[in-house]
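These notes concern the structure reproduced below.
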Amino acid sequence: MYILENDKLAVHVLPELGGKITSLYLKEKEFELAAPKRMGQYRLPGGDAQTGKKTDFGPDFSQYDASGLDDAFPNIDPGLVEWQGRKLYYPDHGEIWSHMMELQEMPEGIRLSYASAAFGYAYEKRMELKGSSLSLHYRIENRGGGEFPFLWTFHGLMRYEEDMRLLLPTDFEYYRNVLSHPVLGEEGRVYPARNDIYDFSRVPAPESKSMVKYYGEGKSREGACGLWYPSRGVRCMLRYDAQALPYLGVWITAGGYRGDCNCALEPSTGFYDGISRARENGSLKVIKPGEIFSFTLEICLENTGS
């Protein structure tokens with residue numbers, strides 16, 4: 001584990017698990033943002049978590065502890081994609097979360113890097129503290145011989161509290177349900193941002209034992225979203241390049257998934273989760289050999305008072 005620290009924040013990072021952030025702690029409020037680990041020590045994935053055997057789609061993400069802040073890249077949903085005569089096997093929740101990254105200390109923070117043999121990309125994440133903000137600078141280079149189609153999604157599982165509020169982009173007029181839900185109904189139903197059925201600014205109560213996932217319909221131009229914890233006097237804001245990450249997913253489990261309570265705001269390059277689906281939706285990011293895709297995401301924890 002590596003610790004980044006200043007007078008405002010303490011950040012714990014696991015290079016051996018793709019640079020997972022296991023703790024993002026605001027000192028003055030004694031406030032932990034990262035969703036806590038529930039199942040003992042972190043395990044290093046090595047093929048399928050249940051059988052120990054390697055599969056075409058890598059380790060099963062659901063068999064590992066869902067906590068902390070990860071990068072889902074180059075996909076979320078596993079699947080086989082045929083692209084320009086090649087067969088590409090996209091692992092469950094991507095490659096990054098389950099692989100060791102090389103760490104280099106720098107004057108302004110740390111640099112984490114990983115080179116993919118399967119897809120031919122070089123992945124770099126630089127982490128830097130600025131006051132009560134953590135800046136994440138990403139650089140993805142296609143070093144392979146063919147086009148590289150991908151999704152990048154921020155998979156940051158954060159603290160759940162019943163009275164918290166979701167601060168969603170104001171230019172989303174509609175939301176699309178992407179997971180069967182007792183209130184939102186079947187996958188694919190679209191609702192106005194303001195409606196009499198479901199409040200998208202709230203989280204389900206813990207006694208509901210439910211989980212929900214939805215996406216903003218279309219692109220947002222704001223490049224900002226957040227979580228407000230009124231009883232803690234803390235606001236978390238994500239700020240990012242809206243041209244690079246125009247789509248936004250929201251995941252919340254209030255005891256509905258393995259008994260976990262956490263939530264995630266998920267800025268993404270595409271809509272949504274699977275390579276084939278994003279391709280059908282015309283939102284799949286593709287970079288040619290030698291091309292570079294870079295962007296920055298900032299996580300800011302703000303003291304809003306008592």
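Chains: A, B, ... in order of the structure tokens. Residues: from 1 per chain. Ligands: from 1, in order shown.
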
Residues within 7 Å of Glu102 in chain A, only C-alpha atoms, excluding chain neighbours under 2 positions, as a PDB file with N, CA, C and O atoms, in the first residue's frame:
```pdb
ATOM      1  N   PRO A  15      -1.174  -0.353  -5.561  1.00  0.00           N
ATOM      2  CA  PRO A  15      -0.670  -0.551  -6.925  1.00  0.00           C
ATOM      3  C   PRO A  15      -0.904  -1.971  -7.436  1.00  0.00           C
ATOM      4  O   PRO A  15      -1.095  -2.181  -8.639  1.00  0.00           O
ATOM      5  N   MET A 100      -1.309  -5.710 -11.487  1.00  0.00           N
ATOM      6  CA  MET A 100      -0.274  -4.933 -10.815  1.00  0.00           C
ATOM      7  C   MET A 100       0.140  -3.755 -11.695  1.00  0.00           C
ATOM      8  O   MET A 100       0.344  -3.909 -12.896  1.00  0.00           O
ATOM      9  N   GLN A 104       5.853   4.817  -9.555  1.00  0.00           N
ATOM     10  CA  GLN A 104       7.018   5.702  -9.551  1.00  0.00           C
ATOM     11  C   GLN A 104       6.682   6.956  -8.757  1.00  0.00           C
ATOM     12  O   GLN A 104       5.677   7.623  -9.028  1.00  0.00           O
ATOM     13  N   LEU A 112       1.403   5.744 -11.816  1.00  0.00           N
ATOM     14  CA  LEU A 112       1.126   4.319 -11.927  1.00  0.00           C
ATOM     15  C   LEU A 112       1.016   3.963 -13.397  1.00  0.00           C
ATOM     16  O   LEU A 112       0.395   4.706 -14.176  1.00  0.00           O
ATOM     17  N   SER A 113       1.596   2.834 -13.801  1.00  0.00           N
ATOM     18  CA  SER A 113       1.563   2.475 -15.220  1.00  0.00           C
ATOM     19  C   SER A 113       1.389   0.973 -15.395  1.00  0.00           C
ATOM     20  O   SER A 113       1.784   0.166 -14.542  1.00  0.00           O
ATOM     21  N   TYR A 114       0.782   0.616 -16.532  1.00  0.00           N
ATOM     22  CA  TYR A 114       0.533  -0.784 -16.866  1.00  0.00           C
ATOM     23  C   TYR A 114       0.523  -0.911 -18.388  1.00  0.00           C
ATOM     24  O   TYR A 114      -0.058  -0.070 -19.086  1.00  0.00           O
TER      25      TYR A 114
END
```

* Determine, counting only C-alpha atoms, which protein, DNA and RNA residues have an atom within 9 Å of an atom of Ser135 in chain A; residues of the same chain fewer than 6 positions away are not included. Present the result as a list in words. => Arg126, Met127, Glu128, Leu129, Thr296, Leu297, Glu298, Ile299 and Cys300 of chain A

* Per-residue DSSP, range 50-188 of chain A, filtered to helix (DSSP H, G or I), as a VMD selection string -> chain A and resid 61 to 63 96 to 98

Write a file of the just-selected residues containing N, CA and C atoms, as an mmCIF file, in the first residue's frame.
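Listed below is the output, selection-v7.cif:
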```
data_model
loop_
_atom_site.group_PDB
_atom_site.id
_atom_site.type_symbol
_atom_site.label_atom_id
_atom_site.label_comp_id
_atom_site.auth_asym_id
_atom_site.auth_seq_id
_atom_site.Cartn_x
_atom_site.Cartn_y
_atom_site.Cartn_z
ATOM 1 N N PHE A 61 -15.361 -10.340 -11.299
ATOM 2 C CA PHE A 61 -15.311 -9.199 -10.387
ATOM 3 C C PHE A 61 -16.222 -9.404 -9.176
ATOM 4 N N SER A 62 -17.373 -10.053 -9.387
ATOM 5 C CA SER A 62 -18.350 -10.213 -8.309
ATOM 6 C C SER A 62 -17.847 -11.117 -7.195
ATOM 7 N N GLN A 63 -16.786 -11.922 -7.457
ATOM 8 C CA GLN A 63 -16.258 -12.822 -6.443
ATOM 9 C C GLN A 63 -15.239 -12.149 -5.531
ATOM 10 N N ILE A 96 -7.740 -3.371 -15.668
ATOM 11 C CA ILE A 96 -6.936 -2.582 -14.738
ATOM 12 C C ILE A 96 -7.117 -3.029 -13.294
ATOM 13 N N TRP A 97 -8.346 -3.265 -12.856
ATOM 14 C CA TRP A 97 -8.618 -3.543 -11.447
ATOM 15 C C TRP A 97 -7.899 -4.783 -10.932
ATOM 16 N N SER A 98 -7.556 -5.707 -11.819
ATOM 17 C CA SER A 98 -7.005 -6.986 -11.373
ATOM 18 C C SER A 98 -5.521 -7.142 -11.683
#
```

* Write out as an MDAnalysis selection string all residues of range 147-274 of chain A that backbone DSSP assigns to strand (DSSP E). => chainID A and resid 148:150 153:156 158:159 165:167 174:177 190:192 210:216 224:229 234:240 247:257 260:268

Closest-contact table, range 180-238 of chain A side, partner range 250-259 of chain A, 12 Å, counting only C-alpha atoms, as a Markdown table:
```
| residue | atom | partner | partner_atom | distance |
| --- | --- | --- | --- | --- |
| A:His181 | CA | A:Gly256 | CA | 10.5 |
| A:Pro182 | CA | A:Gly256 | CA | 11.6 |
| A:Phe200 | CA | A:Val250 | CA | 9.4 |
| A:Ser201 | CA | A:Val250 | CA | 10.6 |
| A:Arg202 | CA | A:Ile252 | CA | 10.0 |
| A:Val203 | CA | A:Ile252 | CA | 7.0 |
| A:Pro204 | CA | A:Ala254 | CA | 6.1 |
| A:Ala205 | CA | A:Ala254 | CA | 6.4 |
| A:Pro206 | CA | A:Ala254 | CA | 4.8 |
| A:Glu207 | CA | A:Ala254 | CA | 7.6 |
| A:Ser208 | CA | A:Ala254 | CA | 6.8 |
| A:Lys209 | CA | A:Gly256 | CA | 4.3 |
| A:Ser210 | CA | A:Gly256 | CA | 3.9 |
| A:Met211 | CA | A:Thr253 | CA | 4.1 |
| A:Val212 | CA | A:Ile252 | CA | 5.3 |
| A:Lys213 | CA | A:Trp251 | CA | 4.5 |
| A:Tyr214 | CA | A:Val250 | CA | 5.4 |
| A:Tyr215 | CA | A:Val250 | CA | 6.1 |
| A:Gly216 | CA | A:Val250 | CA | 8.4 |
| A:Glu217 | CA | A:Val250 | CA | 11.8 |
| A:Cys225 | CA | A:Val250 | CA | 10.5 |
| A:Gly226 | CA | A:Val250 | CA | 10.9 |
| A:Leu227 | CA | A:Val250 | CA | 11.2 |
```

For those residues, write C-alpha atoms to a file as an mmCIF file, in the first residue's frame.
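What follows is the written file selection.cif:
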```cif
data_model
loop_
_atom_site.group_PDB
_atom_site.id
_atom_site.type_symbol
_atom_site.label_atom_id
_atom_site.label_comp_id
_atom_site.auth_asym_id
_atom_site.auth_seq_id
_atom_site.Cartn_x
_atom_site.Cartn_y
_atom_site.Cartn_z
ATOM 1 C CA HIS A 181 -35.998 -2.445 -10.352
ATOM 2 C CA PRO A 182 -39.286 -2.700 -8.383
ATOM 3 C CA PHE A 200 -33.027 10.695 -8.768
ATOM 4 C CA SER A 201 -31.450 13.001 -6.185
ATOM 5 C CA ARG A 202 -32.012 10.513 -3.319
ATOM 6 C CA VAL A 203 -30.807 7.008 -2.446
ATOM 7 C CA PRO A 204 -33.061 4.083 -1.497
ATOM 8 C CA ALA A 205 -33.579 3.472 2.211
ATOM 9 C CA PRO A 206 -31.491 0.633 3.697
ATOM 10 C CA GLU A 207 -34.599 -1.331 4.646
ATOM 11 C CA SER A 208 -35.521 -1.508 0.942
ATOM 12 C CA LYS A 209 -32.713 -4.058 0.361
ATOM 13 C CA SER A 210 -32.584 -2.815 -3.209
ATOM 14 C CA MET A 211 -30.113 -1.803 -5.890
ATOM 15 C CA VAL A 212 -30.513 0.603 -8.761
ATOM 16 C CA LYS A 213 -28.501 1.616 -11.805
ATOM 17 C CA TYR A 214 -29.355 4.308 -14.312
ATOM 18 C CA TYR A 215 -27.659 6.550 -16.844
ATOM 19 C CA GLY A 216 -28.260 10.107 -17.895
ATOM 20 C CA GLU A 217 -29.893 10.037 -21.323
ATOM 21 C CA CYS A 225 -21.381 15.789 -10.439
ATOM 22 C CA GLY A 226 -21.255 15.052 -6.748
ATOM 23 C CA LEU A 227 -22.523 13.663 -3.470
#
```

* Asked: So, counting only C-alpha atoms, which residue among A:Tyr175, A:Gly233, A:Thr22, A:His99 is closest to Arg189 in chain A?
  -> A:Tyr175

* Show which residues sit within 8 Å of range 271-281 of chain A, as an MDAnalysis selection string. Count only C-alpha atoms, and ignore same-chain residues fewer than 2 positions away. => chainID A and resid 75:79 81 149:151 247 268:269 283:284

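The spacing separating CA of Met164 in chain A from CA of Pro230 in chain A amounts to 6.5 Å.
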
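The shortest atom-to-atom distance to Pro74 in chain A, with only C-alpha atoms taken into account, belongs to A:Gly120 out of A:Gly120, A:Gly249, A:Pro289, A:Pro192.
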
* Measuring atom to atom with only C-alpha atoms, identify which of A:Met237, A:Leu248, A:Leu17, A:Met106 is nearest to Ser132 in chain A. =>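 Ranked by minimum distance to Ser132 in chain A, first place goes to A:Met237.
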
* Distance query Gly146 in chain A at most 12 Å, only C-alpha atoms, self and fewer than 6 positions along chain excluded, as a VMD selection string -> chain A and resid 83 to 88 119 to 121 286 to 291

* Which residue of A:Tyr229, A:Tyr191, A:Phe148, A:Phe293 approaches Glu161 in chain A most closely, using only C-alpha atoms ->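 Using only C-alpha atoms, the shortest distance to Glu161 in chain A belongs to A:Tyr229.
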
* Asked: Pick the closest to Gly58 in chain A from A:Glu173, A:Asp199, A:Asp92, A:Glu16: which is it, counting only C-alpha atoms?
  ->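 Checking each candidate against Gly58 in chain A, we get A:Asp92 as the closest.
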
* Structure fact -> Students should find that CA of His93 in chain A and CA of Tyr42 in chain A are spaced 16.9 Å

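Excluding Asn6 in chain A itself and same-chain residues fewer than 4 positions from it, the residues having an atom within 10 Å of it are Ala10, Val11, Lys27, Leu129, Lys130, Gly131 and Ser132 of chain A, counting only C-alpha atoms.
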
* To do: Could you jot down the CA of Pro45 in chain A to CA of Leu9 in chain A separation for me, Å, one decimal place?
  =>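 Here the two named atoms are 29.0 Å from each other.
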
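Considering the residues A:Ala193, A:Met158, A:Ile110, A:Leu80 and counting only C-alpha atoms, Tyr25 in chain A has its shortest atom-to-atom contact with A:Met158.
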